[in-house]
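To be precise, the following lines are query.pdb, and they hold PDB, N, CA and C atoms and all ligand atoms.
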ATOM      1  N   MET A   1      14.933  25.632 -11.169  1.00  0.00           N
ATOM      2  CA  MET A   1      13.746  24.775 -11.128  1.00  0.00           C
ATOM      3  C   MET A   1      12.713  25.312 -12.099  1.00  0.00           C
ATOM      4  N   SER A   2      12.091  24.421 -12.878  1.00  0.00           N
ATOM      5  CA  SER A   2      11.068  24.905 -13.814  1.00  0.00           C
ATOM      6  C   SER A   2       9.726  25.056 -13.115  1.00  0.00           C
ATOM      7  N   LYS A   3       8.860  25.782 -13.763  1.00  0.00           N
ATOM      8  CA  LYS A   3       7.549  26.110 -13.211  1.00  0.00           C
ATOM      9  C   LYS A   3       6.676  24.859 -13.203  1.00  0.00           C
ATOM     10  N   PRO A   4       5.964  24.596 -12.104  1.00  0.00           N
ATOM     11  CA  PRO A   4       5.107  23.406 -12.085  1.00  0.00           C
ATOM     12  C   PRO A   4       3.962  23.532 -13.096  1.00  0.00           C
ATOM     13  N   PRO A   5       3.559  22.424 -13.704  1.00  0.00           N
ATOM     14  CA  PRO A   5       2.379  22.415 -14.573  1.00  0.00           C
ATOM     15  C   PRO A   5       1.146  22.041 -13.741  1.00  0.00           C
ATOM     16  N   SER A   6      -0.043  22.240 -14.280  1.00  0.00           N
ATOM     17  CA  SER A   6      -1.205  21.620 -13.633  1.00  0.00           C
ATOM     18  C   SER A   6      -1.270  20.173 -14.135  1.00  0.00           C
ATOM     19  N   LEU A   7      -1.799  19.293 -13.336  1.00  0.00           N
ATOM     20  CA  LEU A   7      -1.822  17.861 -13.671  1.00  0.00           C
ATOM     21  C   LEU A   7      -3.222  17.303 -13.485  1.00  0.00           C
ATOM     22  N   LYS A   8      -3.526  16.258 -14.257  1.00  0.00           N
ATOM     23  CA  LYS A   8      -4.739  15.502 -13.959  1.00  0.00           C
ATOM     24  C   LYS A   8      -4.462  14.689 -12.698  1.00  0.00           C
ATOM     25  N   TYR A   9      -5.529  14.419 -11.941  1.00  0.00           N
ATOM     26  CA  TYR A   9      -5.390  13.603 -10.729  1.00  0.00           C
ATOM     27  C   TYR A   9      -4.640  12.307 -11.017  1.00  0.00           C
ATOM     28  N   SER A  10      -5.043  11.616 -12.120  1.00  0.00           N
ATOM     29  CA  SER A  10      -4.469  10.294 -12.396  1.00  0.00           C
ATOM     30  C   SER A  10      -2.955  10.378 -12.603  1.00  0.00           C
ATOM     31  N   HIS A  11      -2.502  11.427 -13.268  1.00  0.00           N
ATOM     32  CA  HIS A  11      -1.065  11.606 -13.491  1.00  0.00           C
ATOM     33  C   HIS A  11      -0.353  11.860 -12.157  1.00  0.00           C
ATOM     34  N   ALA A  12      -0.914  12.761 -11.355  1.00  0.00           N
ATOM     35  CA  ALA A  12      -0.285  13.099 -10.078  1.00  0.00           C
ATOM     36  C   ALA A  12      -0.215  11.870  -9.170  1.00  0.00           C
ATOM     37  N   ALA A  13      -1.308  11.102  -9.106  1.00  0.00           N
ATOM     38  CA  ALA A  13      -1.336   9.923  -8.227  1.00  0.00           C
ATOM     39  C   ALA A  13      -0.317   8.886  -8.696  1.00  0.00           C
ATOM     40  N   ARG A  14      -0.176   8.708 -10.016  1.00  0.00           N
ATOM     41  CA  ARG A  14       0.786   7.738 -10.540  1.00  0.00           C
ATOM     42  C   ARG A  14       2.206   8.167 -10.199  1.00  0.00           C
ATOM     43  N   ARG A  15       2.514   9.440 -10.372  1.00  0.00           N
ATOM     44  CA  ARG A  15       3.865   9.916 -10.057  1.00  0.00           C
ATOM     45  C   ARG A  15       4.166   9.743  -8.558  1.00  0.00           C
ATOM     46  N   LEU A  16       3.208  10.108  -7.716  1.00  0.00           N
ATOM     47  CA  LEU A  16       3.428   9.958  -6.272  1.00  0.00           C
ATOM     48  C   LEU A  16       3.716   8.502  -5.924  1.00  0.00           C
ATOM     49  N   ARG A  17       2.922   7.600  -6.528  1.00  0.00           N
ATOM     50  CA  ARG A  17       3.104   6.167  -6.260  1.00  0.00           C
ATOM     51  C   ARG A  17       4.472   5.701  -6.746  1.00  0.00           C
ATOM     52  N   ASP A  18       4.847   6.142  -7.960  1.00  0.00           N
ATOM     53  CA  ASP A  18       6.163   5.764  -8.522  1.00  0.00           C
ATOM     54  C   ASP A  18       7.301   6.211  -7.605  1.00  0.00           C
ATOM     55  N   LEU A  19       7.094   7.306  -6.876  1.00  0.00           N
ATOM     56  CA  LEU A  19       8.144   7.850  -6.014  1.00  0.00           C
ATOM     57  C   LEU A  19       8.055   7.306  -4.590  1.00  0.00           C
ATOM     58  N   GLY A  20       7.175   6.330  -4.375  1.00  0.00           N
ATOM     59  CA  GLY A  20       7.130   5.650  -3.079  1.00  0.00           C
ATOM     60  C   GLY A  20       6.114   6.200  -2.094  1.00  0.00           C
ATOM     61  N   ALA A  21       5.294   7.167  -2.537  1.00  0.00           N
ATOM     62  CA  ALA A  21       4.250   7.689  -1.644  1.00  0.00           C
ATOM     63  C   ALA A  21       3.011   6.787  -1.736  1.00  0.00           C
ATOM     64  N   HIS A  22       2.123   6.912  -0.756  1.00  0.00           N
ATOM     65  CA  HIS A  22       0.901   6.102  -0.787  1.00  0.00           C
ATOM     66  C   HIS A  22      -0.278   6.900  -0.240  1.00  0.00           C
ATOM     67  N   LEU A  23      -1.461   6.481  -0.652  1.00  0.00           N
ATOM     68  CA  LEU A  23      -2.694   7.088  -0.166  1.00  0.00           C
ATOM     69  C   LEU A  23      -2.892   6.701   1.298  1.00  0.00           C
ATOM     70  N   ALA A  24      -2.967   7.681   2.183  1.00  0.00           N
ATOM     71  CA  ALA A  24      -3.118   7.395   3.611  1.00  0.00           C
ATOM     72  C   ALA A  24      -4.593   7.412   4.028  1.00  0.00           C
ATOM     73  N   ARG A  25      -5.365   8.399   3.537  1.00  0.00           N
ATOM     74  CA  ARG A  25      -6.795   8.431   3.851  1.00  0.00           C
ATOM     75  C   ARG A  25      -7.533   9.397   2.940  1.00  0.00           C
ATOM     76  N   GLN A  26      -8.848   9.244   2.911  1.00  0.00           N
ATOM     77  CA  GLN A  26      -9.708  10.105   2.104  1.00  0.00           C
ATOM     78  C   GLN A  26     -10.152  11.294   2.935  1.00  0.00           C
ATOM     79  N   GLY A  27     -10.121  12.488   2.331  1.00  0.00           N
ATOM     80  CA  GLY A  27     -10.726  13.658   2.956  1.00  0.00           C
ATOM     81  C   GLY A  27     -11.969  14.004   2.158  1.00  0.00           C
ATOM     82  N   GLY A  28     -12.539  15.186   2.356  1.00  0.00           N
ATOM     83  CA  GLY A  28     -13.673  15.607   1.537  1.00  0.00           C
ATOM     84  C   GLY A  28     -13.160  16.275   0.279  1.00  0.00           C
ATOM     85  N   GLY A  29     -13.299  15.649  -0.895  1.00  0.00           N
ATOM     86  CA  GLY A  29     -12.831  16.244  -2.146  1.00  0.00           C
ATOM     87  C   GLY A  29     -11.336  16.129  -2.385  1.00  0.00           C
ATOM     88  N   HIS A  30     -10.633  15.577  -1.432  1.00  0.00           N
ATOM     89  CA  HIS A  30      -9.197  15.394  -1.614  1.00  0.00           C
ATOM     90  C   HIS A  30      -8.761  14.126  -0.873  1.00  0.00           C
ATOM     91  N   GLU A  31      -7.519  13.762  -1.094  1.00  0.00           N
ATOM     92  CA  GLU A  31      -6.944  12.600  -0.416  1.00  0.00           C
ATOM     93  C   GLU A  31      -5.712  13.062   0.347  1.00  0.00           C
ATOM     94  N   ILE A  32      -5.368  12.328   1.380  1.00  0.00           N
ATOM     95  CA  ILE A  32      -4.128  12.597   2.097  1.00  0.00           C
ATOM     96  C   ILE A  32      -3.126  11.525   1.680  1.00  0.00           C
ATOM     97  N   TRP A  33      -2.004  11.981   1.167  1.00  0.00           N
ATOM     98  CA  TRP A  33      -0.932  11.077   0.728  1.00  0.00           C
ATOM     99  C   TRP A  33       0.268  11.254   1.646  1.00  0.00           C
ATOM    100  N   ARG A  34       0.904  10.125   1.919  1.00  0.00           N
ATOM    101  CA  ARG A  34       2.072  10.125   2.781  1.00  0.00           C
ATOM    102  C   ARG A  34       3.267   9.615   1.966  1.00  0.00           C
ATOM    103  N   CYS A  35       4.422  10.228   2.166  1.00  0.00           N
ATOM    104  CA  CYS A  35       5.614   9.835   1.411  1.00  0.00           C
ATOM    105  C   CYS A  35       6.207   8.554   1.990  1.00  0.00           C
ATOM    106  N   GLY A  36       7.165   7.998   1.243  1.00  0.00           N
ATOM    107  CA  GLY A  36       7.825   6.768   1.670  1.00  0.00           C
ATOM    108  C   GLY A  36       8.646   6.930   2.939  1.00  0.00           C
ATOM    109  N   CYS A  37       9.191   8.109   3.182  1.00  0.00           N
ATOM    110  CA  CYS A  37      10.029   8.311   4.375  1.00  0.00           C
ATOM    111  C   CYS A  37       9.176   8.369   5.645  1.00  0.00           C
ATOM    112  N   GLY A  38       7.864   8.610   5.485  1.00  0.00           N
ATOM    113  CA  GLY A  38       6.941   8.584   6.614  1.00  0.00           C
ATOM    114  C   GLY A  38       6.852   9.867   7.411  1.00  0.00           C
ATOM    115  N   GLU A  39       7.653  10.860   7.064  1.00  0.00           N
ATOM    116  CA  GLU A  39       7.666  12.108   7.848  1.00  0.00           C
ATOM    117  C   GLU A  39       6.806  13.208   7.256  1.00  0.00           C
ATOM    118  N   HIS A  40       6.371  13.038   6.018  1.00  0.00           N
ATOM    119  CA  HIS A  40       5.662  14.117   5.328  1.00  0.00           C
ATOM    120  C   HIS A  40       4.327  13.640   4.794  1.00  0.00           C
ATOM    121  N   GLN A  41       3.375  14.577   4.741  1.00  0.00           N
ATOM    122  CA  GLN A  41       2.123  14.260   4.067  1.00  0.00           C
ATOM    123  C   GLN A  41       1.580  15.494   3.384  1.00  0.00           C
ATOM    124  N   THR A  42       0.675  15.249   2.427  1.00  0.00           N
ATOM    125  CA  THR A  42       0.105  16.363   1.671  1.00  0.00           C
ATOM    126  C   THR A  42      -1.315  16.014   1.256  1.00  0.00           C
ATOM    127  N   ALA A  43      -2.117  17.023   0.993  1.00  0.00           N
ATOM    128  CA  ALA A  43      -3.445  16.804   0.423  1.00  0.00           C
ATOM    129  C   ALA A  43      -3.317  16.754  -1.103  1.00  0.00           C
ATOM    130  N   LEU A  44      -4.065  15.869  -1.741  1.00  0.00           N
ATOM    131  CA  LEU A  44      -4.107  15.777  -3.206  1.00  0.00           C
ATOM    132  C   LEU A  44      -5.561  15.895  -3.637  1.00  0.00           C
ATOM    133  N   PRO A  45      -5.905  16.951  -4.403  1.00  0.00           N
ATOM    134  CA  PRO A  45      -7.289  17.094  -4.878  1.00  0.00           C
ATOM    135  C   PRO A  45      -7.651  15.924  -5.793  1.00  0.00           C
ATOM    136  N   ARG A  46      -8.900  15.472  -5.767  1.00  0.00           N
ATOM    137  CA  ARG A  46      -9.295  14.319  -6.580  1.00  0.00           C
ATOM    138  C   ARG A  46      -9.567  14.664  -8.034  1.00  0.00           C
ATOM    139  N   HIS A  47      -9.579  15.944  -8.385  1.00  0.00           N
ATOM    140  CA  HIS A  47      -9.803  16.290  -9.802  1.00  0.00           C
ATOM    141  C   HIS A  47      -8.531  16.926 -10.343  1.00  0.00           C
ATOM    142  N   THR A  48      -8.625  18.047 -10.985  1.00  0.00           N
ATOM    143  CA  THR A  48      -7.412  18.678 -11.514  1.00  0.00           C
ATOM    144  C   THR A  48      -6.553  19.203 -10.365  1.00  0.00           C
ATOM    145  N   VAL A  49      -5.257  18.984 -10.483  1.00  0.00           N
ATOM    146  CA  VAL A  49      -4.306  19.490  -9.492  1.00  0.00           C
ATOM    147  C   VAL A  49      -3.671  20.741 -10.101  1.00  0.00           C
ATOM    148  N   SER A  50      -3.992  21.900  -9.551  1.00  0.00           N
ATOM    149  CA  SER A  50      -3.511  23.161 -10.143  1.00  0.00           C
ATOM    150  C   SER A  50      -1.996  23.272 -10.029  1.00  0.00           C
ATOM    151  N   ALA A  51      -1.417  24.129 -10.871  1.00  0.00           N
ATOM    152  CA  ALA A  51       0.030  24.351 -10.838  1.00  0.00           C
ATOM    153  C   ALA A  51       0.472  24.786  -9.438  1.00  0.00           C
ATOM    154  N   TYR A  52      -0.350  25.611  -8.804  1.00  0.00           N
ATOM    155  CA  TYR A  52      -0.012  26.065  -7.446  1.00  0.00           C
ATOM    156  C   TYR A  52       0.090  24.880  -6.487  1.00  0.00           C
ATOM    157  N   VAL A  53      -0.901  24.001  -6.541  1.00  0.00           N
ATOM    158  CA  VAL A  53      -0.905  22.841  -5.636  1.00  0.00           C
ATOM    159  C   VAL A  53       0.231  21.872  -5.982  1.00  0.00           C
ATOM    160  N   VAL A  54       0.543  21.718  -7.266  1.00  0.00           N
ATOM    161  CA  VAL A  54       1.680  20.868  -7.653  1.00  0.00           C
ATOM    162  C   VAL A  54       2.958  21.400  -6.986  1.00  0.00           C
ATOM    163  N   GLY A  55       3.138  22.714  -6.987  1.00  0.00           N
ATOM    164  CA  GLY A  55       4.293  23.321  -6.316  1.00  0.00           C
ATOM    165  C   GLY A  55       4.258  23.101  -4.808  1.00  0.00           C
ATOM    166  N   GLN A  56       3.071  23.228  -4.217  1.00  0.00           N
ATOM    167  CA  GLN A  56       2.913  23.015  -2.770  1.00  0.00           C
ATOM    168  C   GLN A  56       3.252  21.578  -2.377  1.00  0.00           C
ATOM    169  N   ILE A  57       2.839  20.623  -3.199  1.00  0.00           N
ATOM    170  CA  ILE A  57       3.130  19.212  -2.899  1.00  0.00           C
ATOM    171  C   ILE A  57       4.643  18.999  -2.884  1.00  0.00           C
ATOM    172  N   GLY A  58       5.357  19.644  -3.810  1.00  0.00           N
ATOM    173  CA  GLY A  58       6.822  19.534  -3.831  1.00  0.00           C
ATOM    174  C   GLY A  58       7.456  20.073  -2.557  1.00  0.00           C
ATOM    175  N   LYS A  59       6.829  21.091  -1.972  1.00  0.00           N
ATOM    176  CA  LYS A  59       7.365  21.664  -0.726  1.00  0.00           C
ATOM    177  C   LYS A  59       6.980  20.807   0.480  1.00  0.00           C
ATOM    178  N   ARG A  60       5.785  20.237   0.452  1.00  0.00           N
ATOM    179  CA  ARG A  60       5.327  19.437   1.602  1.00  0.00           C
ATOM    180  C   ARG A  60       5.967  18.051   1.638  1.00  0.00           C
ATOM    181  N   LEU A  61       6.353  17.559   0.453  1.00  0.00           N
ATOM    182  CA  LEU A  61       7.010  16.246   0.378  1.00  0.00           C
ATOM    183  C   LEU A  61       8.419  16.458  -0.186  1.00  0.00           C
ATOM    184  N   PRO A  62       9.292  17.141   0.560  1.00  0.00           N
ATOM    185  CA  PRO A  62      10.615  17.492   0.028  1.00  0.00           C
ATOM    186  C   PRO A  62      11.446  16.264  -0.345  1.00  0.00           C
ATOM    187  N   CYS A  63      11.175  15.140   0.292  1.00  0.00           N
ATOM    188  CA  CYS A  63      11.944  13.928  -0.007  1.00  0.00           C
ATOM    189  C   CYS A  63      11.704  13.424  -1.440  1.00  0.00           C
ATOM    190  N   LEU A  64      10.616  13.881  -2.097  1.00  0.00           N
ATOM    191  CA  LEU A  64      10.349  13.450  -3.477  1.00  0.00           C
ATOM    192  C   LEU A  64      11.080  14.321  -4.489  1.00  0.00           C
ATOM    193  N   GLY A  65      11.608  15.462  -4.060  1.00  0.00           N
ATOM    194  CA  GLY A  65      12.221  16.396  -4.985  1.00  0.00           C
ATOM    195  C   GLY A  65      11.181  17.398  -5.459  1.00  0.00           C
ATOM    196  N   GLU A  66      11.603  18.640  -5.669  1.00  0.00           N
ATOM    197  CA  GLU A  66      10.636  19.684  -6.049  1.00  0.00           C
ATOM    198  C   GLU A  66      10.028  19.416  -7.418  1.00  0.00           C
ATOM    199  N   GLU A  67      10.741  18.698  -8.278  1.00  0.00           N
ATOM    200  CA  GLU A  67      10.204  18.402  -9.609  1.00  0.00           C
ATOM    201  C   GLU A  67       9.611  17.001  -9.642  1.00  0.00           C
ATOM    202  N   TRP A  68       8.877  16.679  -8.612  1.00  0.00           N
ATOM    203  CA  TRP A  68       8.300  15.335  -8.467  1.00  0.00           C
ATOM    204  C   TRP A  68       7.347  14.975  -9.593  1.00  0.00           C
ATOM    205  N   TRP A  69       6.792  15.941 -10.269  1.00  0.00           N
ATOM    206  CA  TRP A  69       5.803  15.672 -11.299  1.00  0.00           C
ATOM    207  C   TRP A  69       6.422  15.136 -12.582  1.00  0.00           C
ATOM    208  N   ARG A  70       7.747  15.263 -12.763  1.00  0.00           N
ATOM    209  CA  ARG A  70       8.405  14.858 -14.027  1.00  0.00           C
ATOM    210  C   ARG A  70       8.447  13.352 -14.186  1.00  0.00           C
TER     211      ARG A  70
HETATM  212 ZN    ZN B 101       9.165  12.355   3.216  1.00  0.00          ZN
END
What's the structure tokens form of this structure?
Ligand SMILES: [Zn+2]
Amino acid sequence: MSKPPSLKYSHAARRLRDLGAHLARQGGGHEIWRCGCGEHQTALPRHTVSAYVVGQIGKRLPCLGEEWWR
């Protein structure tokens, strides 16, 4: 598996949507996204998504694949 990159919010949100995830609710400074399978959710920061968080999202939404950002 390659190392996750940091992403702009807009890129991360588009990829999540393309993979069947959707915005479930707004938090403070972040959003909660739920995957298409309905069993997983993750926080998505509204600004830059750090490489660390990109990796965490892959672990929290395993149904999207660890390289979900590609
Ligand atoms: Zn899932």
Just the residues within 6.5 Å of segment 25-36 of chain A, please, counting all atoms listed in the file, with nothing from its chain fewer than 6 positions along; format it as an mmCIF file with N, CA and C atoms, keeping the file's coordinate frame.
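part.cif written:
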data_model
loop_
_atom_site.group_PDB
_atom_site.id
_atom_site.type_symbol
_atom_site.label_atom_id
_atom_site.label_comp_id
_atom_site.auth_asym_id
_atom_site.auth_seq_id
_atom_site.Cartn_x
_atom_site.Cartn_y
_atom_site.Cartn_z
ATOM 1 N N LEU A 19 7.094 7.306 -6.876
ATOM 2 C CA LEU A 19 8.144 7.850 -6.014
ATOM 3 C C LEU A 19 8.055 7.306 -4.590
ATOM 4 N N THR A 42 0.675 15.249 2.427
ATOM 5 C CA THR A 42 0.105 16.363 1.671
ATOM 6 C C THR A 42 -1.315 16.014 1.256
ATOM 7 N N ALA A 43 -2.117 17.023 0.993
ATOM 8 C CA ALA A 43 -3.445 16.804 0.423
ATOM 9 C C ALA A 43 -3.317 16.754 -1.103
ATOM 10 N N LEU A 44 -4.065 15.869 -1.741
ATOM 11 C CA LEU A 44 -4.107 15.777 -3.206
ATOM 12 C C LEU A 44 -5.561 15.895 -3.637
ATOM 13 N N PRO A 45 -5.905 16.951 -4.403
ATOM 14 C CA PRO A 45 -7.289 17.094 -4.878
ATOM 15 C C PRO A 45 -7.651 15.924 -5.793
ATOM 16 N N ARG A 46 -8.900 15.472 -5.767
ATOM 17 C CA ARG A 46 -9.295 14.319 -6.580
ATOM 18 C C ARG A 46 -9.567 14.664 -8.034
ATOM 19 N N HIS A 47 -9.579 15.944 -8.385
ATOM 20 C CA HIS A 47 -9.803 16.290 -9.802
ATOM 21 C C HIS A 47 -8.531 16.926 -10.343
#
Closest-contact table, chain A side, partner ligand ZN 101 (chain B), 8 Å, counting only N, CA and C atoms and all ligand atoms, as a tab-separated table:
residue	atom	partner	partner_atom	distance
A:Arg34	C	B:ZN101	ZN	6.6
A:Cys35	CA	B:ZN101	ZN	4.7
A:Gly36	N	B:ZN101	ZN	5.2
A:Cys37	N	B:ZN101	ZN	4.2
A:Gly38	N	B:ZN101	ZN	4.6
A:Glu39	N	B:ZN101	ZN	4.4
A:His40	N	B:ZN101	ZN	4.0
A:Gln41	N	B:ZN101	ZN	6.4
A:Arg60	C	B:ZN101	ZN	6.7
A:Leu61	CA	B:ZN101	ZN	5.3
A:Pro62	N	B:ZN101	ZN	5.5
A:Cys63	N	B:ZN101	ZN	4.5
A:Leu64	N	B:ZN101	ZN	5.7
Saved selection, atoms kept: N, CA and C atoms, as an mmCIF file, in the frame of the given file:
data_model
loop_
_atom_site.group_PDB
_atom_site.id
_atom_site.type_symbol
_atom_site.label_atom_id
_atom_site.label_comp_id
_atom_site.auth_asym_id
_atom_site.auth_seq_id
_atom_site.Cartn_x
_atom_site.Cartn_y
_atom_site.Cartn_z
ATOM 1 N N ARG A 34 0.904 10.125 1.919
ATOM 2 C CA ARG A 34 2.072 10.125 2.781
ATOM 3 C C ARG A 34 3.267 9.615 1.966
ATOM 4 N N CYS A 35 4.422 10.228 2.166
ATOM 5 C CA CYS A 35 5.614 9.835 1.411
ATOM 6 C C CYS A 35 6.207 8.554 1.990
ATOM 7 N N GLY A 36 7.165 7.998 1.243
ATOM 8 C CA GLY A 36 7.825 6.768 1.670
ATOM 9 C C GLY A 36 8.646 6.930 2.939
ATOM 10 N N CYS A 37 9.191 8.109 3.182
ATOM 11 C CA CYS A 37 10.029 8.311 4.375
ATOM 12 C C CYS A 37 9.176 8.369 5.645
ATOM 13 N N GLY A 38 7.864 8.610 5.485
ATOM 14 C CA GLY A 38 6.941 8.584 6.614
ATOM 15 C C GLY A 38 6.852 9.867 7.411
ATOM 16 N N GLU A 39 7.653 10.860 7.064
ATOM 17 C CA GLU A 39 7.666 12.108 7.848
ATOM 18 C C GLU A 39 6.806 13.208 7.256
ATOM 19 N N HIS A 40 6.371 13.038 6.018
ATOM 20 C CA HIS A 40 5.662 14.117 5.328
ATOM 21 C C HIS A 40 4.327 13.640 4.794
ATOM 22 N N GLN A 41 3.375 14.577 4.741
ATOM 23 C CA GLN A 41 2.123 14.260 4.067
ATOM 24 C C GLN A 41 1.580 15.494 3.384
ATOM 25 N N ARG A 60 5.785 20.237 0.452
ATOM 26 C CA ARG A 60 5.327 19.437 1.602
ATOM 27 C C ARG A 60 5.967 18.051 1.638
ATOM 28 N N LEU A 61 6.353 17.559 0.453
ATOM 29 C CA LEU A 61 7.010 16.246 0.378
ATOM 30 C C LEU A 61 8.419 16.458 -0.186
ATOM 31 N N PRO A 62 9.292 17.141 0.560
ATOM 32 C CA PRO A 62 10.615 17.492 0.028
ATOM 33 C C PRO A 62 11.446 16.264 -0.345
ATOM 34 N N CYS A 63 11.175 15.140 0.292
ATOM 35 C CA CYS A 63 11.944 13.928 -0.007
ATOM 36 C C CYS A 63 11.704 13.424 -1.440
ATOM 37 N N LEU A 64 10.616 13.881 -2.097
ATOM 38 C CA LEU A 64 10.349 13.450 -3.477
ATOM 39 C C LEU A 64 11.080 14.321 -4.489
#
**Report entry** Residue set, chain A restricted to strand (DSSP E or B), as a PyMOL selection string
**Finding:** chain A and resi 7+22-26+30-34+41-45+49
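Taking atom C of His11 of chain A and atom CA of Gly58 of chain A as the two end points, the separation is 13.4 Å.
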Report task. Report the residues of segment 3-55 of chain A whose backbone DSSP state falls under alpha helix (DSSP H), written as number ranges by chain. Result -> A: 9-18, 51-55
Draw an axis-aligned box tight on the listed atoms of segment 13-17 of chain A, then pad every side by 6 Å and write out centre and edge lengths in Å to one decimal as AutoDock Vina command-line options.
--center_x 1.6 --center_y 8.4 --center_z -8.2 --size_x 17.8 --size_y 17.4 --size_z 16.6
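Residues with at least one atom no more than 7 Å from (-0.9, 24.8, -9.8), using all atoms listed in the file, are A:Pro4, A:Pro5, A:Ser6, A:Leu7, A:Val49, A:Ser50, A:Ala51, A:Tyr52, A:Val53, A:Val54, A:Gly55.
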N, CA and C atoms of the current selection, written as a JSON list (two decimals), in the coordinates of the input:
[["chain", "number", "residue", "atom", "x", "y", "z"],
["A", 4, "PRO", "N", 5.96, 24.60, -12.10],
["A", 4, "PRO", "CA", 5.11, 23.41, -12.08],
["A", 4, "PRO", "C", 3.96, 23.53, -13.10],
["A", 5, "PRO", "N", 3.56, 22.42, -13.70],
["A", 5, "PRO", "CA", 2.38, 22.42, -14.57],
["A", 5, "PRO", "C", 1.15, 22.04, -13.74],
["A", 6, "SER", "N", -0.04, 22.24, -14.28],
["A", 6, "SER", "CA", -1.20, 21.62, -13.63],
["A", 6, "SER", "C", -1.27, 20.17, -14.14],
["A", 7, "LEU", "N", -1.80, 19.29, -13.34],
["A", 7, "LEU", "CA", -1.82, 17.86, -13.67],
["A", 7, "LEU", "C", -3.22, 17.30, -13.48],
["A", 49, "VAL", "N", -5.26, 18.98, -10.48],
["A", 49, "VAL", "CA", -4.31, 19.49, -9.49],
["A", 49, "VAL", "C", -3.67, 20.74, -10.10],
["A", 50, "SER", "N", -3.99, 21.90, -9.55],
["A", 50, "SER", "CA", -3.51, 23.16, -10.14],
["A", 50, "SER", "C", -2.00, 23.27, -10.03],
["A", 51, "ALA", "N", -1.42, 24.13, -10.87],
["A", 51, "ALA", "CA", 0.03, 24.35, -10.84],
["A", 51, "ALA", "C", 0.47, 24.79, -9.44],
["A", 52, "TYR", "N", -0.35, 25.61, -8.80],
["A", 52, "TYR", "CA", -0.01, 26.06, -7.45],
["A", 52, "TYR", "C", 0.09, 24.88, -6.49],
["A", 53, "VAL", "N", -0.90, 24.00, -6.54],
["A", 53, "VAL", "CA", -0.90, 22.84, -5.64],
["A", 53, "VAL", "C", 0.23, 21.87, -5.98],
["A", 54, "VAL", "N", 0.54, 21.72, -7.27],
["A", 54, "VAL", "CA", 1.68, 20.87, -7.65],
["A", 54, "VAL", "C", 2.96, 21.40, -6.99],
["A", 55, "GLY", "N", 3.14, 22.71, -6.99],
["A", 55, "GLY", "CA", 4.29, 23.32, -6.32],
["A", 55, "GLY", "C", 4.26, 23.10, -4.81]]
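In this structure, atom C of Lys3 of chain A sits 16.9 Å away from atom N of Thr48 of chain A.
The interatomic distance for the pair atom CA of Glu67 of chain A and atom C of Ala24 of chain A works out to 22.9 Å.
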Quick test: take segment 2-27 of chain A, keep C-alpha atoms, and write it as an mmCIF file, in the first residue's frame.
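Once everything was written out, this is out_30.cif:
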data_model
loop_
_atom_site.group_PDB
_atom_site.id
_atom_site.type_symbol
_atom_site.label_atom_id
_atom_site.label_comp_id
_atom_site.auth_asym_id
_atom_site.auth_seq_id
_atom_site.Cartn_x
_atom_site.Cartn_y
_atom_site.Cartn_z
ATOM 1 C CA SER A 2 1.354 3.443 -0.843
ATOM 2 C CA LYS A 3 1.591 6.269 1.639
ATOM 3 C CA PRO A 4 -1.519 8.464 1.859
ATOM 4 C CA PRO A 5 -1.192 12.038 0.542
ATOM 5 C CA SER A 6 -2.777 15.080 2.154
ATOM 6 C CA LEU A 7 -5.868 16.191 0.225
ATOM 7 C CA LYS A 8 -7.937 19.304 -0.201
ATOM 8 C CA TYR A 9 -11.408 18.954 1.314
ATOM 9 C CA SER A 10 -13.025 19.206 -2.136
ATOM 10 C CA HIS A 11 -10.953 16.314 -3.498
ATOM 11 C CA ALA A 12 -11.623 14.106 -0.471
ATOM 12 C CA ALA A 13 -15.378 14.821 -0.530
ATOM 13 C CA ARG A 14 -15.579 14.057 -4.272
ATOM 14 C CA ARG A 15 -13.750 10.748 -3.869
ATOM 15 C CA LEU A 16 -15.945 9.718 -0.930
ATOM 16 C CA ARG A 17 -19.059 10.547 -2.954
ATOM 17 C CA ASP A 18 -17.741 8.654 -6.006
ATOM 18 C CA LEU A 19 -17.276 5.601 -3.762
ATOM 19 C CA GLY A 20 -20.861 5.738 -2.493
ATOM 20 C CA ALA A 21 -20.357 7.547 0.821
ATOM 21 C CA HIS A 22 -22.509 10.517 1.832
ATOM 22 C CA LEU A 23 -22.468 13.436 4.231
ATOM 23 C CA ALA A 24 -24.443 12.361 7.312
ATOM 24 C CA ARG A 25 -24.151 15.492 9.494
ATOM 25 C CA GLN A 26 -22.113 18.580 10.304
ATOM 26 C CA GLY A 27 -19.840 18.689 13.337
#
